[in-house]
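Structure below is my_file.cif: mmCIF, C-alpha atoms and all ligand atoms.
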```
data_input
loop_
_atom_site.label_atom_id
_atom_site.label_comp_id
_atom_site.auth_asym_id
_atom_site.auth_seq_id
_atom_site.Cartn_x
_atom_site.Cartn_y
_atom_site.Cartn_z
CA MET A 1 4.79 -31.09 16.51
CA GLY A 2 4.72 -33.93 13.97
CA VAL A 3 7.32 -34.72 11.35
CA LEU A 4 7.25 -32.21 8.52
CA ALA A 5 6.44 -33.91 5.25
CA GLY A 6 6.89 -30.99 2.93
CA VAL A 7 7.85 -27.37 2.58
CA ILE A 8 5.65 -25.24 4.85
CA VAL A 9 5.30 -21.45 4.79
CA ASN A 10 4.12 -19.90 8.07
CA PHE A 11 2.89 -16.30 8.34
CA HIS A 12 3.82 -14.69 11.69
CA GLY A 13 3.19 -11.04 10.77
CA VAL A 14 1.40 -9.80 7.65
CA ARG A 15 0.87 -6.08 8.33
CA GLY A 16 2.79 -3.28 6.63
CA SER A 17 4.16 0.03 7.85
CA THR A 18 3.35 -0.20 11.57
CA PRO A 19 1.86 -2.76 13.94
CA CYS A 20 -1.78 -2.23 14.88
CA GLN A 21 -4.27 -3.79 17.22
CA SER A 22 -8.05 -3.66 17.63
CA PRO A 23 -10.91 -6.14 17.39
CA ASP A 24 -11.42 -4.88 13.82
CA VAL A 25 -8.02 -6.20 12.65
CA ALA A 26 -7.89 -9.35 14.79
CA ARG A 27 -8.73 -11.84 12.03
CA HIS A 28 -5.75 -10.88 9.83
CA GLY A 29 -3.50 -9.81 12.69
CA GLY A 30 -1.62 -6.62 13.47
CA ASN A 31 2.04 -7.67 13.55
CA THR A 32 4.43 -6.53 10.85
CA SER A 33 6.27 -8.60 8.23
CA CYS A 34 7.68 -11.94 9.31
CA VAL A 35 7.32 -15.25 7.44
CA SER A 36 9.13 -18.56 7.92
CA VAL A 37 9.83 -21.31 5.42
CA HIS A 38 10.25 -24.79 6.88
CA THR A 39 12.01 -27.56 4.97
CA PRO A 40 12.16 -31.04 6.52
CA ASN A 41 15.18 -31.62 8.78
CA GLU A 42 16.51 -28.07 8.40
CA ALA A 43 16.43 -24.85 10.40
CA PRO A 44 13.60 -22.58 9.26
CA LEU A 45 14.41 -19.71 6.96
CA LEU A 46 12.88 -16.32 7.78
CA PHE A 47 11.66 -13.57 5.52
CA ASP A 48 11.97 -10.30 7.46
CA LEU A 49 12.11 -9.45 11.16
CA GLY A 50 8.99 -7.37 11.85
CA THR A 51 7.06 -7.61 15.09
CA GLY A 52 5.67 -10.99 13.94
CA LEU A 53 9.10 -12.36 14.87
CA ARG A 54 7.82 -12.67 18.45
CA ASN A 55 5.19 -15.13 17.21
CA PHE A 56 7.91 -17.12 15.46
CA ALA A 57 9.93 -17.19 18.69
CA GLU A 58 6.95 -18.84 20.39
CA THR A 59 7.29 -21.81 18.01
CA LEU A 60 10.83 -22.60 19.18
CA ALA A 61 11.65 -25.01 21.98
CA PRO A 62 12.53 -23.09 25.19
CA ASP A 63 15.98 -24.69 25.40
CA GLU A 64 16.80 -24.34 21.71
CA VAL A 65 20.05 -22.56 20.90
CA PHE A 66 18.84 -20.65 17.88
CA ASP A 67 20.94 -20.77 14.72
CA GLY A 68 18.86 -19.46 11.86
CA THR A 69 18.92 -17.33 8.74
CA CYS A 70 16.86 -14.33 7.71
CA LEU A 71 16.43 -12.98 4.21
CA LEU A 72 15.82 -9.31 4.97
CA SER A 73 14.02 -7.32 2.27
CA HIS A 74 15.10 -3.88 3.51
CA LEU A 75 15.79 -1.87 6.62
CA HIS A 76 12.49 -0.03 7.13
CA TRP A 77 11.22 -0.26 10.72
CA ASP A 78 8.31 -2.56 9.95
CA HIS A 79 10.78 -5.18 8.69
CA VAL A 80 13.40 -5.05 11.46
CA GLN A 81 11.57 -3.97 14.60
CA GLY A 82 11.28 -7.51 15.93
CA LEU A 83 15.04 -8.15 15.92
CA PRO A 84 15.96 -6.51 19.26
CA PHE A 85 12.99 -8.27 20.91
CA PHE A 86 13.94 -11.75 19.65
CA ARG A 87 14.63 -13.42 22.98
CA PRO A 88 16.27 -16.59 21.55
CA LEU A 89 19.27 -14.37 20.72
CA LEU A 90 19.76 -13.47 24.39
CA ARG A 91 21.72 -16.66 24.92
CA PRO A 92 25.40 -17.55 24.37
CA GLY A 93 25.91 -19.56 21.22
CA ALA A 94 22.74 -18.32 19.54
CA ARG A 95 23.17 -16.84 16.10
CA MET A 96 21.10 -15.04 13.49
CA THR A 97 22.61 -14.80 10.01
CA ILE A 98 20.97 -12.00 8.03
CA HIS A 99 21.22 -11.40 4.30
CA ALA A 100 20.23 -7.82 3.49
CA PRO A 101 20.50 -5.47 0.51
CA ALA A 102 23.57 -3.32 -0.03
CA GLN A 103 22.62 0.28 0.77
CA ASP A 104 22.39 3.05 -1.81
CA ASP A 105 24.69 5.23 0.31
CA GLY A 106 27.40 2.57 0.44
CA ARG A 107 26.96 1.69 4.10
CA HIS A 108 26.97 -1.99 5.02
CA PRO A 109 23.49 -3.03 6.23
CA GLY A 110 25.10 -4.58 9.31
CA ASP A 111 26.62 -1.21 10.21
CA VAL A 112 23.20 0.44 9.85
CA LEU A 113 21.59 -2.09 12.21
CA GLN A 114 24.42 -1.71 14.73
CA ALA A 115 24.13 2.07 14.54
CA THR A 116 20.37 2.10 15.12
CA ILE A 117 19.81 -0.75 17.60
CA ARG A 118 21.69 0.87 20.48
CA PRO A 119 21.16 3.56 23.11
CA PRO A 120 19.40 5.92 23.07
CA LEU A 121 17.09 4.27 20.51
CA PHE A 122 17.18 0.90 22.32
CA PRO A 123 18.44 0.11 25.83
CA VAL A 124 21.13 -2.33 24.68
CA GLY A 125 23.45 -2.34 21.71
CA LEU A 126 23.01 -5.16 19.20
CA ASP A 127 26.71 -6.00 19.73
CA GLU A 128 26.17 -6.35 23.51
CA ILE A 129 23.66 -9.22 23.52
CA ASP A 130 24.86 -12.76 24.27
CA GLY A 131 23.93 -14.15 20.87
CA GLU A 132 25.55 -13.16 17.62
CA VAL A 133 24.03 -11.30 14.68
CA VAL A 134 25.97 -11.75 11.42
CA VAL A 135 24.94 -9.59 8.46
CA HIS A 136 25.89 -10.27 4.84
CA GLN A 137 25.10 -8.20 1.80
CA ALA A 138 22.78 -10.39 -0.23
CA LYS A 139 24.39 -11.91 -3.29
CA PRO A 140 22.33 -12.64 -6.41
CA GLN A 141 22.50 -16.35 -5.59
CA PHE A 142 23.54 -18.33 -2.53
CA THR A 143 22.59 -21.45 -0.61
CA VAL A 144 21.12 -21.92 2.86
CA GLY A 145 21.15 -25.57 3.86
CA SER A 146 19.75 -27.47 0.90
CA SER A 147 17.81 -24.47 -0.40
CA THR A 148 18.93 -22.20 -3.20
CA VAL A 149 18.22 -18.50 -2.67
CA HIS A 150 18.05 -15.86 -5.39
CA SER A 151 17.83 -12.16 -4.65
CA ALA A 152 16.87 -9.30 -6.97
CA ASP A 153 16.28 -5.54 -6.76
CA VAL A 154 12.71 -4.45 -6.10
CA PRO A 155 11.51 -0.88 -6.80
CA HIS A 156 10.55 0.70 -3.44
CA ASN A 157 11.80 3.65 -1.40
CA GLY A 158 15.47 2.89 -0.69
CA SER A 159 17.51 -0.25 -1.29
CA THR A 160 15.12 -3.20 -1.35
CA THR A 161 15.52 -6.83 -2.28
CA GLY A 162 13.11 -9.61 -3.17
CA TYR A 163 13.97 -13.24 -2.52
CA ARG A 164 13.18 -16.57 -4.07
CA VAL A 165 13.77 -19.83 -2.20
CA ASP A 166 13.94 -23.12 -4.12
CA SER A 167 13.77 -26.16 -1.88
CA GLY A 168 13.65 -29.50 -3.66
CA THR A 169 11.01 -29.10 -6.33
CA HIS A 170 9.21 -26.32 -4.43
CA SER A 171 9.65 -22.59 -4.52
CA VAL A 172 8.39 -19.44 -2.86
CA ALA A 173 9.11 -15.79 -3.66
CA TYR A 174 8.84 -12.84 -1.28
CA VAL A 175 8.30 -9.31 -2.57
CA SER A 176 6.93 -7.50 0.45
CA ASP A 177 7.18 -3.82 -0.56
CA HIS A 178 6.90 -2.98 -4.26
CA GLN A 179 6.45 0.46 -5.81
CA GLN A 180 3.85 0.31 -8.56
CA PRO A 181 5.08 2.32 -11.58
CA ASP A 182 3.17 5.22 -13.12
CA ASP A 183 2.28 2.96 -16.02
CA PHE A 184 0.41 -0.08 -14.70
CA ALA A 185 1.78 -2.13 -17.61
CA ASP A 186 5.41 -1.56 -16.54
CA MET A 187 7.05 -4.29 -14.51
CA ALA A 188 10.61 -4.57 -13.28
CA GLU A 189 12.18 -7.46 -15.14
CA SER A 190 14.22 -8.17 -11.99
CA VAL A 191 10.98 -8.89 -10.10
CA VAL A 192 9.21 -10.89 -12.81
CA GLY A 193 12.35 -12.96 -13.39
CA LEU A 194 12.78 -13.64 -9.68
CA CYS A 195 9.19 -14.84 -9.28
CA ARG A 196 8.88 -16.81 -12.50
CA GLY A 197 6.92 -20.01 -11.96
CA VAL A 198 7.15 -20.18 -8.15
CA ASP A 199 4.57 -22.27 -6.26
CA LEU A 200 3.71 -19.29 -4.05
CA LEU A 201 4.33 -15.55 -4.37
CA ILE A 202 4.03 -13.40 -1.24
CA HIS A 203 3.52 -9.85 -2.52
CA ASP A 204 2.72 -6.32 -1.41
CA ALA A 205 -0.99 -5.50 -1.85
CA GLN A 206 -1.33 -2.48 0.41
CA TYR A 207 -3.62 -0.18 -1.57
CA THR A 208 -6.88 0.07 -3.40
CA ARG A 209 -6.72 1.92 -6.71
CA ALA A 210 -8.20 5.04 -5.08
CA GLU A 211 -5.61 4.96 -2.28
CA PHE A 212 -2.79 4.49 -4.74
CA GLU A 213 -3.87 7.65 -6.55
CA GLN A 214 -3.31 9.51 -3.26
CA LYS A 215 -0.04 7.72 -2.44
CA ARG A 216 1.60 7.13 -5.80
CA THR A 217 5.16 7.54 -4.47
CA TRP A 218 4.82 5.80 -1.11
CA GLY A 219 6.53 2.62 -2.30
CA HIS A 220 3.58 0.25 -2.54
CA CYS A 221 1.09 -1.18 -4.99
CA THR A 222 -2.51 -2.17 -5.53
CA VAL A 223 -4.04 -5.62 -5.25
CA GLU A 224 -4.57 -5.54 -9.02
CA TYR A 225 -0.88 -4.86 -9.64
CA ALA A 226 0.13 -7.75 -7.36
CA VAL A 227 -2.12 -10.07 -9.40
CA ALA A 228 -0.67 -8.70 -12.64
CA VAL A 229 2.90 -9.39 -11.42
CA ALA A 230 1.91 -12.94 -10.47
CA ALA A 231 0.29 -13.53 -13.85
CA ALA A 232 3.28 -12.10 -15.73
CA ALA A 233 5.57 -14.43 -13.79
CA ASN A 234 3.28 -17.42 -14.42
CA VAL A 235 2.64 -17.91 -10.70
CA ARG A 236 -0.37 -20.01 -9.64
CA ARG A 237 -0.79 -18.88 -6.01
CA LEU A 238 -0.55 -15.36 -4.67
CA ALA A 239 -0.64 -14.33 -1.02
CA LEU A 240 -1.69 -10.68 -0.63
CA PHE A 241 0.68 -9.29 1.99
CA HIS A 242 1.76 -6.10 3.80
CA HIS A 243 -1.81 -5.11 4.64
CA ASP A 244 -2.34 -1.45 5.39
CA PRO A 245 -2.62 -0.78 9.16
CA PHE A 246 -5.67 1.40 8.48
CA HIS A 247 -7.53 -1.47 6.79
CA ASP A 248 -9.84 -3.49 9.03
CA ASP A 249 -10.67 -7.14 8.39
CA GLU A 250 -13.74 -6.34 6.28
CA MET A 251 -11.74 -4.00 4.09
CA ILE A 252 -9.03 -6.62 3.54
CA GLU A 253 -11.71 -9.18 2.71
CA ARG A 254 -13.24 -6.83 0.14
CA MET A 255 -9.81 -6.23 -1.39
CA THR A 256 -9.09 -9.96 -1.42
CA ALA A 257 -12.42 -10.62 -3.16
CA ALA A 258 -11.45 -8.05 -5.80
CA GLY A 259 -8.08 -9.74 -6.14
CA ARG A 260 -9.71 -13.16 -6.54
CA ARG A 261 -11.96 -11.88 -9.33
CA CYS A 262 -8.93 -10.38 -11.04
CA GLY A 263 -6.94 -13.59 -10.49
CA GLU A 264 -9.66 -15.85 -11.90
CA ALA A 265 -9.37 -14.08 -15.23
CA LEU A 266 -5.59 -14.53 -15.22
CA GLY A 267 -5.27 -18.04 -13.77
CA VAL A 268 -3.95 -16.96 -10.34
CA ASP A 269 -5.35 -18.32 -7.07
CA VAL A 270 -5.42 -15.28 -4.75
CA PHE A 271 -5.74 -15.30 -0.97
CA ALA A 272 -4.95 -12.95 1.89
CA ALA A 273 -1.96 -13.61 4.12
CA VAL A 274 -3.23 -14.04 7.68
CA GLU A 275 -1.18 -14.07 10.88
CA GLY A 276 -0.97 -17.72 12.00
CA LEU A 277 -1.71 -19.17 8.54
CA SER A 278 0.35 -22.13 7.30
CA VAL A 279 0.62 -22.95 3.61
CA ASP A 280 1.91 -26.36 2.55
CA LEU A 281 3.81 -26.22 -0.73
CA GLY A 282 3.80 -30.03 -0.92
CA ALA A 283 6.31 -32.81 -0.29
CA ALA A 284 9.93 -31.75 -0.75
ZN ZN B 301 7.11 -2.37 4.72
ZN ZN B 302 9.40 -0.41 3.11
#
```

Please lay out the structure from this file as structure tokens.
Amino acid sequence: MGVLAGVIVNFHGVRGSTPCQSPDVARHGGNTSCVSVHTPNEAPLLFDLGTGLRNFAETLAPDEVFDGTCLLSHLHWDHVQGLPFFRPLLRPGARMTIHAPAQDDGRHPGDVLQATIRPPLFPVGLDEIDGEVVVHQAKPQFTVGSSTVHSADVPHNGSTTGYRVDSGTHSVAYVSDHQQPDDFADMAESVVGLCRGVDLLIHDAQYTRAEFEQKRTWGHCTVEYAVAVAAAANVRRLALFHHDPFHDDEMIERMTAAGRRCGEALGVDVFAAVEGLSVDLGAA
């Protein structure tokens, strides 16, 4: 791998809800949410730990003692399922630092992970592996290396956080699961404020309008709402993310085309997140 010149965003898993696999979904990929942000000379920063985390692991040197950070949006399966299968943590000295939202019921997110990644749900307890997993409740603002991270509440089902990473003059925001309100015109100020003016917004775009009518409380939004959020936050580039596992490649391409038409009217460049895609935000 060559020397990184700028801030690079890599998509390792772009699917929502559950992993899927068939020739019909191969172009966009079937692994669930996992994205990395690479800043020159620093450890990559992860958004979420879905099954795409295995793809990220493939990018690491075999002898690397992993010491990285994940900004975890929430604890739903599709965002954490890759963690117990992340082989770089099966090594003494390896460490994963996770920032995750405080839970509505008062439990620490680290306690929830420890309580669920253990027998009989998984063969080994998270506290028994050789590496170390450290979980912090995400603060509104903190630093990771030279990057500044902001977190903010996102409407979804259960405690959910969006993140913004500012690295040098570049910025990316991650809002993977976002409940569209009953009134399309409503927008959570916490979300719009978080995303304001970022170079790239990665945003939930799971449903068509017709699907949303059937699933109004399922925690997600339409392509059109994702574009509207980007426009309201004055964002130039929008990656449609968290693709529905029942949508084949052609369906996602039709939805992306609809999003592009919508974005052209509002000054937003819209594209579909694809497993394996790299986006260069420019020199740091
Ligand atoms: Zn999800
Ligand atoms: Zn979710």

Tell me, counting all atoms listed in the file, for each residue of chain A within 12 Å of ligand ZN 301 (chain B), which pair of atoms is nearest and how far apart they are in Å to one decimal, in rows ordered by chain and increasing number, as CSV.
```
residue,atom,partner,partner_atom,distance
A:Gly13,CA,B:ZN301,ZN,11.3
A:Val14,CA,B:ZN301,ZN,9.8
A:Arg15,CA,B:ZN301,ZN,8.1
A:Gly16,CA,B:ZN301,ZN,4.8
A:Ser17,CA,B:ZN301,ZN,4.9
A:Thr18,CA,B:ZN301,ZN,8.1
A:Pro19,CA,B:ZN301,ZN,10.6
A:Asn31,CA,B:ZN301,ZN,11.5
A:Thr32,CA,B:ZN301,ZN,7.9
A:Ser33,CA,B:ZN301,ZN,7.2
A:Cys34,CA,B:ZN301,ZN,10.6
A:Asp48,CA,B:ZN301,ZN,9.7
A:Leu49,CA,B:ZN301,ZN,10.8
A:Gly50,CA,B:ZN301,ZN,8.9
A:Thr51,CA,B:ZN301,ZN,11.6
A:Leu72,CA,B:ZN301,ZN,11.1
A:Ser73,CA,B:ZN301,ZN,8.8
A:His74,CA,B:ZN301,ZN,8.2
A:Leu75,CA,B:ZN301,ZN,8.9
A:His76,CA,B:ZN301,ZN,6.3
A:Trp77,CA,B:ZN301,ZN,7.6
A:Asp78,CA,B:ZN301,ZN,5.4
A:His79,CA,B:ZN301,ZN,6.1
A:Val80,CA,B:ZN301,ZN,9.6
A:Gln81,CA,B:ZN301,ZN,11.0
A:His156,CA,B:ZN301,ZN,9.4
A:Asn157,CA,B:ZN301,ZN,9.8
A:Gly158,CA,B:ZN301,ZN,11.3
A:Thr160,CA,B:ZN301,ZN,10.1
A:Thr161,CA,B:ZN301,ZN,11.8
A:Val175,CA,B:ZN301,ZN,10.1
A:Ser176,CA,B:ZN301,ZN,6.7
A:Asp177,CA,B:ZN301,ZN,5.5
A:His178,CA,B:ZN301,ZN,9.0
A:Gln179,CA,B:ZN301,ZN,10.9
A:His203,CA,B:ZN301,ZN,11.0
A:Asp204,CA,B:ZN301,ZN,8.5
A:Ala205,CA,B:ZN301,ZN,10.9
A:Gln206,CA,B:ZN301,ZN,9.5
A:Trp218,CA,B:ZN301,ZN,10.3
A:Gly219,CA,B:ZN301,ZN,8.6
A:His220,CA,B:ZN301,ZN,8.5
A:Cys221,CA,B:ZN301,ZN,11.5
A:Phe241,CA,B:ZN301,ZN,9.8
A:His242,CA,B:ZN301,ZN,6.6
A:His243,CA,B:ZN301,ZN,9.3
A:Asp244,CA,B:ZN301,ZN,9.5
A:Pro245,CA,B:ZN301,ZN,10.8
```

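Each of A:Gly110, A:Pro120, A:Pro92, A:Gly162 was compared to ligand ZN 302 (chain B) using only C-alpha atoms and all ligand atoms, and A:Gly162 turns out to be the nearest.
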
Identify which of the residues A:Thr208, A:Ser22, A:Ser278, A:Ser171 lies closest to A:Gly259, counting only C-alpha atoms when measuring atom-to-atom distances. A:Thr208

Correct to one decimal, the distance atom CA of A:Val133-atom CA of A:Ile98 is 7.4 Å

Within 10 Å of A:Pro140 using only C-alpha atoms, minus same-chain residues under 2 positions, as a compact mmCIF listing (two decimals) with C-alpha atoms, in the frame of the given file:
```
# COMPACT_ATOMS: atom_id res chain seq x y z
CA GLN A 137 25.10 -8.20 1.80
CA ALA A 138 22.78 -10.39 -0.23
CA PHE A 142 23.54 -18.33 -2.53
CA VAL A 149 18.22 -18.50 -2.67
CA HIS A 150 18.05 -15.86 -5.39
CA SER A 151 17.83 -12.16 -4.65
CA ALA A 152 16.87 -9.30 -6.97
CA ASP A 153 16.28 -5.54 -6.76
CA THR A 161 15.52 -6.83 -2.28
CA TYR A 163 13.97 -13.24 -2.52
```

Between atom CA of A:Thr169 and atom CA of A:Ala231, what is the distance in Å, rounded to a tenth? 20.3 Å

Around stretch 263-282 of chain A, with edges along x, y and z and 5 Å added on all six sides, what centre and edge lengths do you get, in Å to one decimal, as JSON?
```
{"center_x": -2.9, "center_y": -21.5, "center_z": -1.6, "size_x": 23.5, "size_y": 27.1, "size_z": 37.2}
```

Which distance in Å separates atom CA of A:Gly131 and atom CA of A:Leu277, to one decimal? 28.9 Å

Show which residues sit within 10 Å of A:Asp105, as number ranges by chain. Count all atoms listed in the file, and ignore same-chain residues fewer than 2 positions away. A: 102-103, 107-108, 158-159

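Nearest-residue note for A:Arg87: choosing from A:Pro181, A:Gly68, A:Pro62, A:Pro44, the minimum distance belongs to A:Pro62, counting all atoms listed in the file.
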
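Residues lying within 12 Å of (-10.3, -11.8, -11.6). Counted over only C-alpha atoms, they are Val223, Glu224, Tyr225, Ala226, Val227, Ala228, Ala231, Met255, Thr256, Ala257, Ala258, Gly259, Arg260, Arg261, Cys262, Gly263, Glu264, Ala265, Leu266, Gly267, Val268, Asp269 and Val270 of chain A.
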
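Distance check against ligand ZN 302 (chain B) using all atoms listed in the file: of A:Ile202, A:Ala188, A:Val154, A:Val229, the minimum falls on A:Val154.
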
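Using only C-alpha atoms, the protein and nucleic acid residues lying no more than 7 Å from stretch 246-252 of chain A, apart from those fewer than 4 places from it along its own chain, are Asp24, Val25, Arg27, His28 and Thr256 of chain A.
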
Which one of A:Pro155, A:Gly125, A:His136, A:Gly106 sits closest to ligand ZN 302 (chain B) if you count only C-alpha atoms and all ligand atoms? A:Pro155

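When all atoms listed in the file are used to compute distances to ligand ZN 302 (chain B), the closest of the residues A:Leu121, A:Gly52, A:Thr217, A:Arg91 turns out to be A:Thr217.
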
Excluding same-chain residues fewer than 2 positions from A:Val134, what lies within 12 Å of it counting all atoms listed in the file, as a PyMOL selection string? chain A and resi 67-70+89+94-100+108-111+113-114+126-127+131-132+136-137

Missing atoms in stretch 178-187 of chain A: fill them in up to all heavy atoms and send the result as a CSV table (one decimal), in the frame of the given file.
```csv
chain,number,residue,atom,x,y,z
A,178,HIS,N,6.6,-3.1,-2.8
A,178,HIS,CA,6.9,-3.0,-4.3
A,178,HIS,C,6.2,-1.7,-4.8
A,178,HIS,O,5.0,-1.7,-4.8
A,178,HIS,CB,6.4,-4.3,-5.0
A,178,HIS,CG,6.8,-4.3,-6.4
A,178,HIS,ND1,6.4,-5.3,-7.3
A,178,HIS,CD2,7.6,-3.5,-7.2
A,178,HIS,CE1,6.9,-5.2,-8.4
A,178,HIS,NE2,7.6,-4.1,-8.4
A,179,GLN,N,7.0,-0.8,-5.2
A,179,GLN,CA,6.4,0.5,-5.8
A,179,GLN,C,5.8,0.2,-7.2
A,179,GLN,O,6.5,-0.2,-8.1
A,179,GLN,CB,7.6,1.5,-6.0
A,179,GLN,CG,7.2,2.8,-6.7
A,179,GLN,CD,6.2,3.6,-6.0
A,179,GLN,OE1,6.5,4.1,-4.9
A,179,GLN,NE2,5.0,3.8,-6.6
A,180,GLN,N,4.5,0.4,-7.3
A,180,GLN,CA,3.8,0.3,-8.6
A,180,GLN,C,4.3,1.5,-9.4
A,180,GLN,O,4.3,2.6,-9.0
A,180,GLN,CB,2.3,0.3,-8.3
A,180,GLN,CG,1.5,0.2,-9.6
A,180,GLN,CD,0.0,0.0,-9.2
A,180,GLN,OE1,-0.3,-0.7,-8.3
A,180,GLN,NE2,-0.8,0.6,-10.0
A,181,PRO,N,4.6,1.2,-10.7
A,181,PRO,CA,5.1,2.3,-11.6
A,181,PRO,C,3.9,3.2,-12.0
A,181,PRO,O,2.7,2.8,-11.9
A,181,PRO,CB,5.7,1.6,-12.7
A,181,PRO,CG,5.1,0.3,-12.8
A,181,PRO,CD,4.7,-0.1,-11.4
A,182,ASP,N,4.2,4.3,-12.6
A,182,ASP,CA,3.2,5.2,-13.1
A,182,ASP,C,2.3,4.5,-14.2
A,182,ASP,O,1.1,4.6,-14.2
A,182,ASP,CB,3.8,6.5,-13.7
A,182,ASP,CG,4.2,7.5,-12.7
A,182,ASP,OD1,3.6,7.4,-11.6
A,182,ASP,OD2,5.1,8.3,-12.9
A,183,ASP,N,3.0,3.7,-15.0
A,183,ASP,CA,2.3,3.0,-16.0
A,183,ASP,C,2.0,1.6,-15.5
A,183,ASP,O,3.0,0.8,-15.3
A,183,ASP,CB,3.1,2.9,-17.3
A,183,ASP,CG,2.4,2.2,-18.4
A,183,ASP,OD1,1.4,1.5,-18.2
A,183,ASP,OD2,2.9,2.2,-19.6
A,184,PHE,N,0.8,1.2,-15.3
A,184,PHE,CA,0.4,-0.1,-14.7
A,184,PHE,C,1.1,-1.2,-15.5
A,184,PHE,O,1.4,-2.3,-14.9
A,184,PHE,CB,-1.1,-0.2,-14.7
A,184,PHE,CG,-1.7,-1.5,-14.0
A,184,PHE,CD1,-2.0,-1.4,-12.7
A,184,PHE,CD2,-1.8,-2.7,-14.7
A,184,PHE,CE1,-2.5,-2.5,-12.0
A,184,PHE,CE2,-2.3,-3.8,-14.1
A,184,PHE,CZ,-2.7,-3.7,-12.7
A,185,ALA,N,1.3,-1.0,-16.8
A,185,ALA,CA,1.8,-2.1,-17.6
A,185,ALA,C,3.3,-2.4,-17.4
A,185,ALA,O,3.8,-3.4,-17.8
A,185,ALA,CB,1.5,-1.8,-19.1
A,186,ASP,N,4.0,-1.4,-16.8
A,186,ASP,CA,5.4,-1.6,-16.5
A,186,ASP,C,5.7,-2.5,-15.4
A,186,ASP,O,5.0,-2.5,-14.4
A,186,ASP,CB,6.0,-0.2,-16.1
A,186,ASP,CG,6.3,0.6,-17.4
A,186,ASP,OD1,6.2,0.1,-18.5
A,186,ASP,OD2,6.7,1.8,-17.2
A,187,MET,N,6.7,-3.4,-15.6
A,187,MET,CA,7.0,-4.3,-14.5
A,187,MET,C,8.6,-4.4,-14.5
A,187,MET,O,9.2,-4.6,-15.6
A,187,MET,CB,6.4,-5.7,-14.7
A,187,MET,CG,5.2,-5.9,-13.9
A,187,MET,SD,4.3,-7.4,-14.4
A,187,MET,CE,2.7,-6.7,-14.4
```
